[in-house]
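S.K.: Pasting work.cif here (mmCIF, C-alpha atoms):
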data_protein
#
loop_
_atom_site.group_PDB
_atom_site.id
_atom_site.type_symbol
_atom_site.label_atom_id
_atom_site.label_comp_id
_atom_site.auth_asym_id
_atom_site.auth_seq_id
_atom_site.Cartn_x
_atom_site.Cartn_y
_atom_site.Cartn_z
ATOM 1 C CA ARG F 1 0.000 0.000 0.000
ATOM 2 C CA ALA F 2 2.815 2.397 0.855
ATOM 3 C CA LEU F 3 4.598 1.758 -2.443
ATOM 4 C CA ARG F 4 1.367 2.314 -4.378
ATOM 5 C CA GLY F 5 0.918 5.534 -2.424
ATOM 6 C CA GLY F 6 4.280 6.818 -3.630
ATOM 7 C CA GLN F 7 6.375 6.084 -0.553
ATOM 8 C CA THR F 8 9.701 4.304 -0.815
ATOM 9 C CA PRO F 9 11.967 2.688 1.769
ATOM 10 C CA GLY F 10 13.586 5.460 3.753
ATOM 11 C CA SER F 11 10.596 7.798 3.432
ATOM 12 C CA PRO F 12 9.300 9.284 6.674
ATOM 13 C CA ASP F 13 6.905 6.813 8.328
ATOM 14 C CA TRP F 14 8.015 3.995 6.002
ATOM 15 C CA GLY F 15 6.716 0.740 7.434
ATOM 16 C CA ALA F 16 4.633 2.429 10.137
ATOM 17 C CA GLU F 17 1.152 1.041 10.725
ATOM 18 C CA PRO F 18 -1.894 3.109 11.635
ATOM 19 C CA GLU F 19 -2.835 3.124 15.312
ATOM 20 C CA GLU F 20 -5.928 0.975 14.731
ATOM 21 C CA GLN F 21 -3.575 -1.841 13.697
ATOM 22 C CA TRP F 22 -1.330 -1.607 16.758
ATOM 23 C CA GLY F 23 -1.226 -4.604 19.057
ATOM 24 C CA LYS F 24 -3.310 -4.992 22.180
ATOM 25 C CA LEU F 25 -1.677 -6.282 25.330
ATOM 26 C CA HIS F 26 -3.399 -7.912 28.258
ATOM 27 C CA ALA F 27 -0.955 -9.500 30.690
ATOM 28 C CA VAL F 28 -1.494 -10.903 34.168
ATOM 29 C CA MET F 29 1.330 -11.796 36.548
ATOM 30 C CA GLY F 30 0.024 -12.701 39.975
ATOM 31 C CA ALA F 31 -1.943 -9.729 41.293
ATOM 32 C CA LEU F 32 -0.551 -7.400 38.617
ATOM 33 C CA GLU F 33 -2.691 -6.842 35.515
ATOM 34 C CA LEU F 34 -1.674 -4.698 32.565
ATOM 35 C CA GLN F 35 -3.700 -3.638 29.534
ATOM 36 C CA GLY F 36 -2.621 -1.330 26.782
ATOM 37 C CA ARG F 37 -1.737 -0.743 23.152
ATOM 38 C CA ILE F 38 1.618 -1.499 21.592
ATOM 39 C CA ARG F 39 2.853 0.590 18.690
ATOM 40 C CA THR F 40 3.972 -1.686 15.886
ATOM 41 C CA LEU F 41 7.646 -1.315 15.092
ATOM 42 C CA PRO F 42 8.156 0.032 11.579
ATOM 43 C CA GLY F 43 8.811 -2.748 9.095
ATOM 44 C CA ALA F 44 11.828 -2.965 6.838
ATOM 45 C CA TYR F 45 11.365 -6.138 4.831
ATOM 46 C CA GLN F 46 13.999 -5.049 2.355
ATOM 47 C CA ASP F 47 16.658 -5.122 5.108
ATOM 48 C CA PHE F 48 15.601 -8.673 6.028
ATOM 49 C CA TYR F 49 15.983 -9.941 2.476
ATOM 50 C CA GLN F 50 19.226 -8.013 1.942
ATOM 51 C CA ASN F 51 20.626 -9.725 5.038
ATOM 52 C CA ILE F 52 19.655 -13.152 3.691
ATOM 53 C CA SER F 53 21.367 -12.328 0.395
ATOM 54 C CA ASP F 54 24.469 -11.121 2.239
ATOM 55 C CA HIS F 55 24.447 -14.308 4.322
ATOM 56 C CA LEU F 56 24.197 -16.595 1.298
ATOM 57 C CA LEU F 57 26.648 -14.713 -0.896
ATOM 58 C CA GLU F 58 29.149 -13.316 1.608
ATOM 59 C CA GLY F 59 28.699 -15.321 4.806
ATOM 60 C CA ALA F 60 27.272 -12.387 6.806
ATOM 61 C CA GLU F 61 25.698 -13.276 10.144
ATOM 62 C CA LEU F 62 21.931 -13.654 9.981
ATOM 63 C CA ALA F 63 20.094 -10.837 11.743
ATOM 64 C CA VAL F 64 17.152 -13.179 12.398
ATOM 65 C CA LYS F 65 18.232 -16.677 13.416
ATOM 66 C CA PRO F 66 16.088 -19.662 12.339
ATOM 67 C CA GLU F 67 15.153 -20.433 15.953
ATOM 68 C CA GLU F 68 14.018 -16.811 16.453
ATOM 69 C CA ALA F 69 11.840 -17.002 13.348
ATOM 70 C CA GLY F 70 10.425 -20.300 14.620
ATOM 71 C CA MET F 71 9.551 -18.732 17.980
ATOM 72 C CA ALA F 72 7.804 -15.833 16.243
ATOM 73 C CA ILE F 73 5.723 -18.294 14.227
ATOM 74 C CA ARG F 74 4.898 -20.221 17.415
ATOM 75 C CA MET F 75 3.748 -17.022 19.153
ATOM 76 C CA ILE F 76 1.462 -16.209 16.198
ATOM 77 C CA GLU F 77 0.030 -19.733 16.328
ATOM 78 C CA LEU F 78 -0.604 -19.395 20.071
ATOM 79 C CA ALA F 79 -2.305 -16.033 19.532
ATOM 80 C CA TYR F 80 -4.672 -17.610 16.992
ATOM 81 C CA GLN F 81 -5.345 -20.509 19.356
ATOM 82 C CA SER F 82 -6.052 -18.102 22.213
ATOM 83 C CA HIS F 83 -8.513 -16.206 20.040
ATOM 84 C CA ARG F 84 -10.251 -19.350 18.771
ATOM 85 C CA GLU F 85 -10.620 -20.820 22.244
ATOM 86 C CA GLY F 86 -11.386 -17.520 23.973
ATOM 87 C CA ARG F 87 -8.835 -18.088 26.703
ATOM 88 C CA MET F 88 -5.378 -17.067 27.830
ATOM 89 C CA ILE F 89 -2.611 -19.469 26.932
ATOM 90 C CA GLU F 90 0.483 -19.534 29.065
ATOM 91 C CA VAL F 91 3.700 -19.358 27.084
ATOM 92 C CA GLY F 92 6.471 -21.538 28.474
ATOM 93 C CA SER F 93 10.111 -20.616 28.238
#
As structure tokens, what does this structure read like?
M.R.:
Amino acid sequence: RALRGGQTPGSPDWGAEPEEQWGKLHAVMGALELQGRIRTLPGAYQDFYQNISDHLLEGAELAVKPEEAGMAIRMIELAYQSHREGRMIEVGS
């Protein structure tokens, strides 16, 4: 959408999402309960793919390790499960 709107990587607000798409947080730890909104970090997909290219062609260290990507996918799956089942799901370490 941003590209179609004339923005390019490096433009002000590149990768920023509107507030209505920010995350919602509801966390409970014992007697402490926290609710709020979390601003989405601006995306930079081009940096991700450049890093993969640099890794494959030049041996650069991966910025996102496979196990980190796997954990992100697992968290998304747990979020969907939580929504489907209408309950909190504890995330183990």
S.K.: What's the 12 Å shell around Ala79 of chain F, counting all atoms listed in the file, without same-chain residues fewer than 5 positions away, as a list in words?
M.R.: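 Here the answer would be Gly23, Lys24, Leu25, His26, Ala72, Ile73, Arg74, Arg84, Glu85, Gly86, Arg87, Met88, Ile89, Glu90 and Val91 of chain F.
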S.K.: Grab the atom CA of Gln21 of chain F to atom CA of Met75 of chain F distance for me, in Å with one decimal place.
M.R.: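 About the pair atom CA of Gln21 of chain F and atom CA of Met75 of chain F: they are 17.7 Å apart.
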S.K.: Which residues are close to Asp13 of chain F, i.e. within 12 Å by all atoms listed in the file, leaving aside same-chain residues fewer than 3 positions away? Reply as a list of chain:residue names.
M.R.: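 The residues satisfying every condition are F:Ala2, F:Gln7, F:Thr8, F:Pro9, F:Gly10, F:Ala16, F:Glu17, F:Pro18, F:Thr40, F:Leu41, F:Pro42, F:Gly43, F:Ala44.
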S.K.: Have a look at F:Met71, F:Ile38, F:Leu3, F:Leu57 and name the one nearest to Trp22 of chain F; count all atoms listed in the file.
M.R.: F:Ile38
S.K.: Of the residues F:Gly15, F:Gly70, F:Gly5, F:Gly30, which is the one nearest to Tyr45 of chain F, using all atoms listed in the file?
M.R.: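 Residue with the minimum atom-to-atom distance to Tyr45 of chain F: F:Gly15.
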S.K.: Using all atoms listed in the file, find the one residue out of F:Gly59, F:Trp14, F:Glu20, F:Ile76 that sits nearest to Gln46 of chain F.
M.R.: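 Among the listed residues, the smallest separation from Gln46 of chain F belongs to F:Trp14.
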S.K.: Atom CA of Val28 of chain F and atom CA of Glu67 of chain F are how many Å apart?
M.R.: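 Between these atoms lies a distance of 26.5 Å.
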S.K.: With distances taken over all atoms listed in the file, which residue among F:Met29, F:Ile52, F:Leu34, F:Leu78 lies nearest Pro66 of chain F?
M.R.: F:Ile52
S.K.: Using atom CA of Leu32 of chain F and atom CA of Glu19 of chain F as the two end points, give the distance in Å to one decimal.
M.R.: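 We find that atom CA of Leu32 of chain F and atom CA of Glu19 of chain F lie 25.7 Å from each other.
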